>>> print(open('target.csv').read())   # CSV, C-alpha atoms
chain,number,residue,atom,x,y,z
P,1,MET,CA,82.9,-20.2,6.4
P,2,ASP,CA,84.9,-21.5,3.5
P,3,VAL,CA,83.9,-22.7,0.1
P,4,LYS,CA,83.5,-26.3,1.3
P,5,ASP,CA,81.1,-25.2,4.1
P,6,TYR,CA,79.2,-23.0,1.7
P,7,ASN,CA,78.7,-25.9,-0.7
P,8,ALA,CA,77.6,-28.1,2.2
P,9,CYS,CA,75.0,-25.5,3.1
P,10,VAL,CA,73.7,-25.4,-0.5
P,11,ASN,CA,73.5,-29.2,-0.7
P,12,GLN,CA,71.9,-29.6,2.8
P,13,TRP,CA,69.5,-26.6,2.9
P,14,ALA,CA,68.4,-25.7,-0.6
P,15,ASP,CA,65.3,-27.9,-0.7
P,16,ALA,CA,64.1,-26.9,2.8
P,17,LEU,CA,64.7,-23.2,2.0
P,18,PHE,CA,62.8,-23.5,-1.3
P,19,ARG,CA,59.8,-25.2,0.5
P,20,PHE,CA,59.8,-22.4,3.1
P,21,ALA,CA,60.1,-19.7,0.4
P,22,CYS,CA,57.2,-21.3,-1.6
P,23,LYS,CA,55.0,-21.4,1.4
P,24,CYS,CA,55.9,-17.8,2.4
P,25,THR,CA,55.5,-16.3,-1.1
P,26,GLY,CA,52.9,-18.6,-2.6
P,27,HIS,CA,54.7,-18.7,-6.0
P,28,GLU,CA,57.4,-21.0,-7.2
P,29,GLU,CA,59.2,-18.3,-9.3
P,30,ASP,CA,59.3,-15.9,-6.3
P,31,ALA,CA,60.5,-18.7,-4.1
P,32,ARG,CA,63.3,-19.4,-6.6
P,33,ASP,CA,64.4,-15.8,-6.5
P,34,VAL,CA,64.3,-15.7,-2.7
P,35,VAL,CA,66.4,-18.9,-2.5
P,36,GLN,CA,68.9,-17.6,-5.1
P,37,ASN,CA,69.2,-14.3,-3.3
P,38,SER,CA,69.6,-15.9,0.0
P,39,PHE,CA,72.5,-18.0,-1.2
P,40,GLU,CA,74.0,-15.0,-2.9
P,41,VAL,CA,73.9,-13.1,0.4
P,42,LEU,CA,75.5,-16.0,2.2
P,43,TRP,CA,78.3,-16.1,-0.4
P,44,GLN,CA,78.9,-12.4,0.0
P,45,LYS,CA,79.0,-12.7,3.8
P,46,LYS,CA,80.7,-16.1,4.0
P,47,GLN,CA,83.7,-14.6,5.9
P,48,ASP,CA,81.4,-13.3,8.6
P,49,VAL,CA,79.1,-16.4,9.0
P,50,VAL,CA,80.2,-19.3,11.2
P,51,ALA,CA,79.6,-22.6,9.3
P,52,GLU,CA,77.3,-24.0,12.1
P,53,LYS,CA,75.1,-20.9,11.8
P,54,GLY,CA,74.6,-21.2,8.1
P,55,LYS,CA,71.1,-22.7,8.3
P,56,ALA,CA,69.8,-20.0,10.6
P,57,PHE,CA,71.5,-17.3,8.5
P,58,LEU,CA,69.9,-18.6,5.3
P,59,PHE,CA,66.4,-18.8,6.8
P,60,GLN,CA,66.7,-15.4,8.3
P,61,VAL,CA,67.7,-13.9,4.9
P,62,ALA,CA,64.9,-15.9,3.1
P,63,TYR,CA,62.3,-14.8,5.7
P,64,ARG,CA,63.2,-11.1,5.2
P,65,GLN,CA,63.3,-11.4,1.4
P,66,ALA,CA,59.9,-13.2,1.4
P,67,VAL,CA,58.5,-10.4,3.5
P,68,ASP,CA,59.9,-7.8,1.1
P,69,THR,CA,58.5,-9.7,-1.9
P,70,TYR,CA,55.1,-9.9,-0.2
P,71,ARG,CA,55.2,-6.1,0.4
P,72,LYS,CA,56.2,-5.4,-3.2
P,73,LYS,CA,53.4,-7.6,-4.6
P,74,ALA,CA,50.9,-5.9,-2.3
P,75,ARG,CA,51.7,-2.6,-4.0
P,76,ILE,CA,51.4,-4.0,-7.5
P,77,SER,CA,48.0,-4.6,-9.1
P,78,TYR,CA,47.7,-6.9,-12.1
P,79,LYS,CA,45.1,-6.4,-14.8
P,80,GLU,CA,44.7,-10.0,-15.5
P,81,GLU,CA,45.3,-12.9,-13.2
P,82,LEU,CA,47.0,-15.9,-14.7
P,83,PRO,CA,46.1,-19.4,-13.6
P,84,GLU,CA,48.5,-20.5,-11.0
P,85,ARG,CA,50.3,-23.8,-11.2
P,86,GLY,CA,50.0,-25.8,-8.0
P,87,LEU,CA,53.1,-26.2,-5.9
P,88,TYR,CA,52.4,-29.9,-5.4
P,89,HIS,CA,50.7,-32.3,-7.7
P,90,GLN,CA,50.3,-35.3,-5.3
P,91,GLY,CA,47.9,-36.1,-2.5
P,92,ASN,CA,44.5,-34.6,-1.9
P,93,PRO,CA,44.2,-31.4,-4.0
P,94,ASP,CA,41.1,-30.2,-2.0
P,95,LEU,CA,43.0,-30.5,1.3
P,96,LYS,CA,46.0,-28.6,0.0
P,97,ARG,CA,43.7,-25.9,-1.4
P,98,VAL,CA,42.0,-25.5,1.9
P,99,LEU,CA,45.3,-25.4,3.8
P,100,GLU,CA,46.7,-22.8,1.3
P,101,ARG,CA,43.6,-20.7,1.8
P,102,ALA,CA,43.9,-21.0,5.5
P,103,LEU,CA,47.6,-19.9,5.4
P,104,ALA,CA,46.5,-17.0,3.2
P,105,GLN,CA,44.3,-15.7,6.1
P,106,LEU,CA,47.5,-14.9,8.0
P,107,ASP,CA,49.7,-11.9,7.7
P,108,GLU,CA,53.2,-12.5,6.4
P,109,LYS,CA,54.8,-12.6,9.9
P,110,ALA,CA,52.3,-15.0,11.3
P,111,ARG,CA,52.5,-17.2,8.2
P,112,ALA,CA,56.3,-17.4,8.4
P,113,LEU,CA,56.2,-18.3,12.1
P,114,VAL,CA,53.7,-21.1,11.5
P,115,LEU,CA,55.8,-22.4,8.6
P,116,LEU,CA,59.0,-22.2,10.5
P,117,LYS,CA,57.6,-24.0,13.6
P,118,ASP,CA,55.1,-26.5,12.2
P,119,TYR,CA,56.4,-27.1,8.7
P,120,GLU,CA,60.2,-26.8,9.1
P,121,GLY,CA,60.4,-27.8,12.8
P,122,TYR,CA,62.5,-25.0,14.2
P,123,SER,CA,62.5,-24.4,18.0
P,124,TYR,CA,61.1,-21.2,19.5
P,125,GLU,CA,64.7,-20.0,20.1
P,126,GLU,CA,65.7,-20.6,16.5
P,127,ILE,CA,62.6,-18.8,15.2
P,128,GLY,CA,63.3,-15.9,17.5
P,129,ARG,CA,66.8,-15.6,16.1
P,130,ILE,CA,65.5,-15.8,12.5
P,131,THR,CA,62.7,-13.2,13.0
P,132,ASP,CA,64.4,-11.0,15.6
P,133,LEU,CA,61.6,-11.7,18.1
P,134,SER,CA,61.9,-12.9,21.7
P,135,ASP,CA,60.8,-16.5,22.6
P,136,SER,CA,57.7,-15.2,24.3
P,137,GLN,CA,56.7,-13.1,21.3
P,138,VAL,CA,57.2,-16.1,19.0
P,139,LYS,CA,54.9,-18.2,21.3
P,140,VAL,CA,52.2,-15.5,21.5
P,141,TYR,CA,52.2,-14.8,17.7
P,142,LEU,CA,52.1,-18.5,17.0
P,143,HIS,CA,49.2,-19.0,19.4
P,144,ARG,CA,47.3,-16.2,17.7
P,145,ALA,CA,48.1,-17.5,14.2
P,146,ARG,CA,47.0,-21.1,15.1
P,147,LYS,CA,43.8,-19.7,16.5
P,148,VAL,CA,43.1,-17.9,13.2
P,149,LEU,CA,43.9,-21.2,11.3
P,150,LYS,CA,41.7,-23.2,13.6
P,151,ASP,CA,38.8,-20.8,13.3
P,152,TYR,CA,39.1,-20.9,9.5
P,153,LEU,CA,39.5,-24.7,9.2
P,154,VAL,CA,36.6,-25.6,11.4
P,155,ARG,CA,34.1,-23.7,9.3
P,156,VAL,CA,31.5,-25.9,7.6
P,157,GLU,CA,32.4,-24.7,4.1
P,158,ASN,CA,36.0,-25.7,4.6
P,159,VAL,CA,35.3,-29.3,5.7
P,160,ILE,CA,36.2,-31.6,2.9
>>> encode(input="target.csv", output="structure tokens")
Amino acid sequence: MDVKDYNACVNQWADALFRFACKCTGHEEDARDVVQNSFEVLWQKKQDVVAEKGKAFLFQVAYRQAVDTYRKKARISYKEELPERGLYHQGNPDLKRVLERALAQLDEKARALVLLKDYEGYSYEEIGRITDLSDSQVKVYLHRARKVLKDYLVRVENVI
């Protein structure tokens, strides 16, 4: 990968990578850090990455960094919770809140798989390469995650 290919990756995938990182981490600032670190790793490894594989490489790095961020935050306890700004300010805020709470029911791997498949539109094979899982593992984990989401979303208290 040369500088031209790297810049093309930045222009083409920065927004999708940010959306994915936002959904995985739940915070815009953490997502910005994940995206910046992902592009930094791509820059450092640009000689080893084939230009056509730049997207998969970026999402794989972002996935791993989001998991690391999630684990770090799980070990930290805050004395005071600050009000969180919403990621999106348009559409039905109640629906978005319910969907965010539903995704929060999942562990970090299941959440990332759902986001990669249903939100970003990756194939099972691509998700397997990103997460180092086999295609059948991806399918099984996605099925289980979707069942958890369905069970959560059909509860009466979550109906809008």
>>> residues_around(input="target.csv", residues="Gly54 of chain P", least_positions_apart="2", cutoff="12 Å", atoms="all atoms listed in the file", output="PDB file with C-alpha atoms, in the frame of the given file")
ATOM      1  CA  MET P   1      82.900 -20.200   6.400  1.00  0.00           C
ATOM      2  CA  ASP P   2      84.900 -21.500   3.500  1.00  0.00           C
ATOM      3  CA  ASP P   5      81.100 -25.200   4.100  1.00  0.00           C
ATOM      4  CA  TYR P   6      79.200 -23.000   1.700  1.00  0.00           C
ATOM      5  CA  ASN P   7      78.700 -25.900  -0.700  1.00  0.00           C
ATOM      6  CA  ALA P   8      77.600 -28.100   2.200  1.00  0.00           C
ATOM      7  CA  CYS P   9      75.000 -25.500   3.100  1.00  0.00           C
ATOM      8  CA  VAL P  10      73.700 -25.400  -0.500  1.00  0.00           C
ATOM      9  CA  ASN P  11      73.500 -29.200  -0.700  1.00  0.00           C
ATOM     10  CA  GLN P  12      71.900 -29.600   2.800  1.00  0.00           C
ATOM     11  CA  TRP P  13      69.500 -26.600   2.900  1.00  0.00           C
ATOM     12  CA  ALA P  14      68.400 -25.700  -0.600  1.00  0.00           C
ATOM     13  CA  LEU P  17      64.700 -23.200   2.000  1.00  0.00           C
ATOM     14  CA  SER P  38      69.600 -15.900   0.000  1.00  0.00           C
ATOM     15  CA  PHE P  39      72.500 -18.000  -1.200  1.00  0.00           C
ATOM     16  CA  VAL P  41      73.900 -13.100   0.400  1.00  0.00           C
ATOM     17  CA  LEU P  42      75.500 -16.000   2.200  1.00  0.00           C
ATOM     18  CA  TRP P  43      78.300 -16.100  -0.400  1.00  0.00           C
ATOM     19  CA  LYS P  45      79.000 -12.700   3.800  1.00  0.00           C
ATOM     20  CA  LYS P  46      80.700 -16.100   4.000  1.00  0.00           C
ATOM     21  CA  GLN P  47      83.700 -14.600   5.900  1.00  0.00           C
ATOM     22  CA  ASP P  48      81.400 -13.300   8.600  1.00  0.00           C
ATOM     23  CA  VAL P  49      79.100 -16.400   9.000  1.00  0.00           C
ATOM     24  CA  VAL P  50      80.200 -19.300  11.200  1.00  0.00           C
ATOM     25  CA  ALA P  51      79.600 -22.600   9.300  1.00  0.00           C
ATOM     26  CA  GLU P  52      77.300 -24.000  12.100  1.00  0.00           C
ATOM     27  CA  ALA P  56      69.800 -20.000  10.600  1.00  0.00           C
ATOM     28  CA  PHE P  57      71.500 -17.300   8.500  1.00  0.00           C
ATOM     29  CA  LEU P  58      69.900 -18.600   5.300  1.00  0.00           C
ATOM     30  CA  PHE P  59      66.400 -18.800   6.800  1.00  0.00           C
ATOM     31  CA  GLN P  60      66.700 -15.400   8.300  1.00  0.00           C
ATOM     32  CA  VAL P  61      67.700 -13.900   4.900  1.00  0.00           C
ATOM     33  CA  ILE P 130      65.500 -15.800  12.500  1.00  0.00           C
TER      34      ILE P 130
END
>>> atom_distance(input="target.csv", atom1="atom CA of Val148 of chain P", atom2="atom CA of Asp132 of chain P")
22.5 Å
>>> residues_around(input="target.csv", residues="Glu108 of chain P", least_positions_apart="4", cutoff="8 Å", atoms="all atoms listed in the file", output="PyMOL selection string")
chain P and resi 24+67+70+112
>>> closest_residue(input="target.csv", among="P:Asn37, P:Gln44, P:Gln65, P:Ser134", to="Thr25 of chain P", atoms="only C-alpha atoms")
P:Gln65
>>> atom_distance(input="target.csv", atom1="atom CA of Tyr119 of chain P", atom2="atom CA of Gln36 of chain P")
20.9 Å
>>> atom_distance(input="target.csv", atom1="atom CA of Glu29 of chain P", atom2="atom CA of Lys150 of chain P")
29.2 Å
>>> closest_residue(input="target.csv", among="P:Val114, P:Val98, P:Leu142, P:Ala66", to="Arg155 of chain P", atoms="all atoms listed in the file")
P:Val98
>>> residues_around(input="target.csv", residues="Tyr124 of chain P", least_positions_apart="6", cutoff="12 Å", atoms="all atoms listed in the file", output="list in words")
Leu113, Val114, Leu116, Lys117, Asp118, Ile130, Thr131, Asp132, Leu133, Ser134, Asp135, Ser136, Gln137, Val138, Lys139, Val140, Tyr141 and Leu142 of chain P
>>> residues_near_point(input="target.csv", point="(57.7, -19.3, -8.0)", cutoff="12 Å", atoms="only C-alpha atoms", output="list in words")
Phe18, Arg19, Phe20, Ala21, Cys22, Lys23, Cys24, Thr25, Gly26, His27, Glu28, Glu29, Asp30, Ala31, Arg32, Asp33, Val34, Val35, Gln36, Ala66, Thr69, Glu84, Arg85, Gly86 and Leu87 of chain P
>>> closest_residue(input="target.csv", among="P:Arg71, P:Glu40, P:Leu153, P:Lys147", to="Lys109 of chain P", atoms="only C-alpha atoms")
P:Arg71
>>> residues_near_point(input="target.csv", point="(47.3, -21.9, 6.0)", cutoff="10 Å", atoms="only C-alpha atoms", output="ChimeraX atom specification")
/P:23,96-106,111,114-115,145-146,148-150,152-153
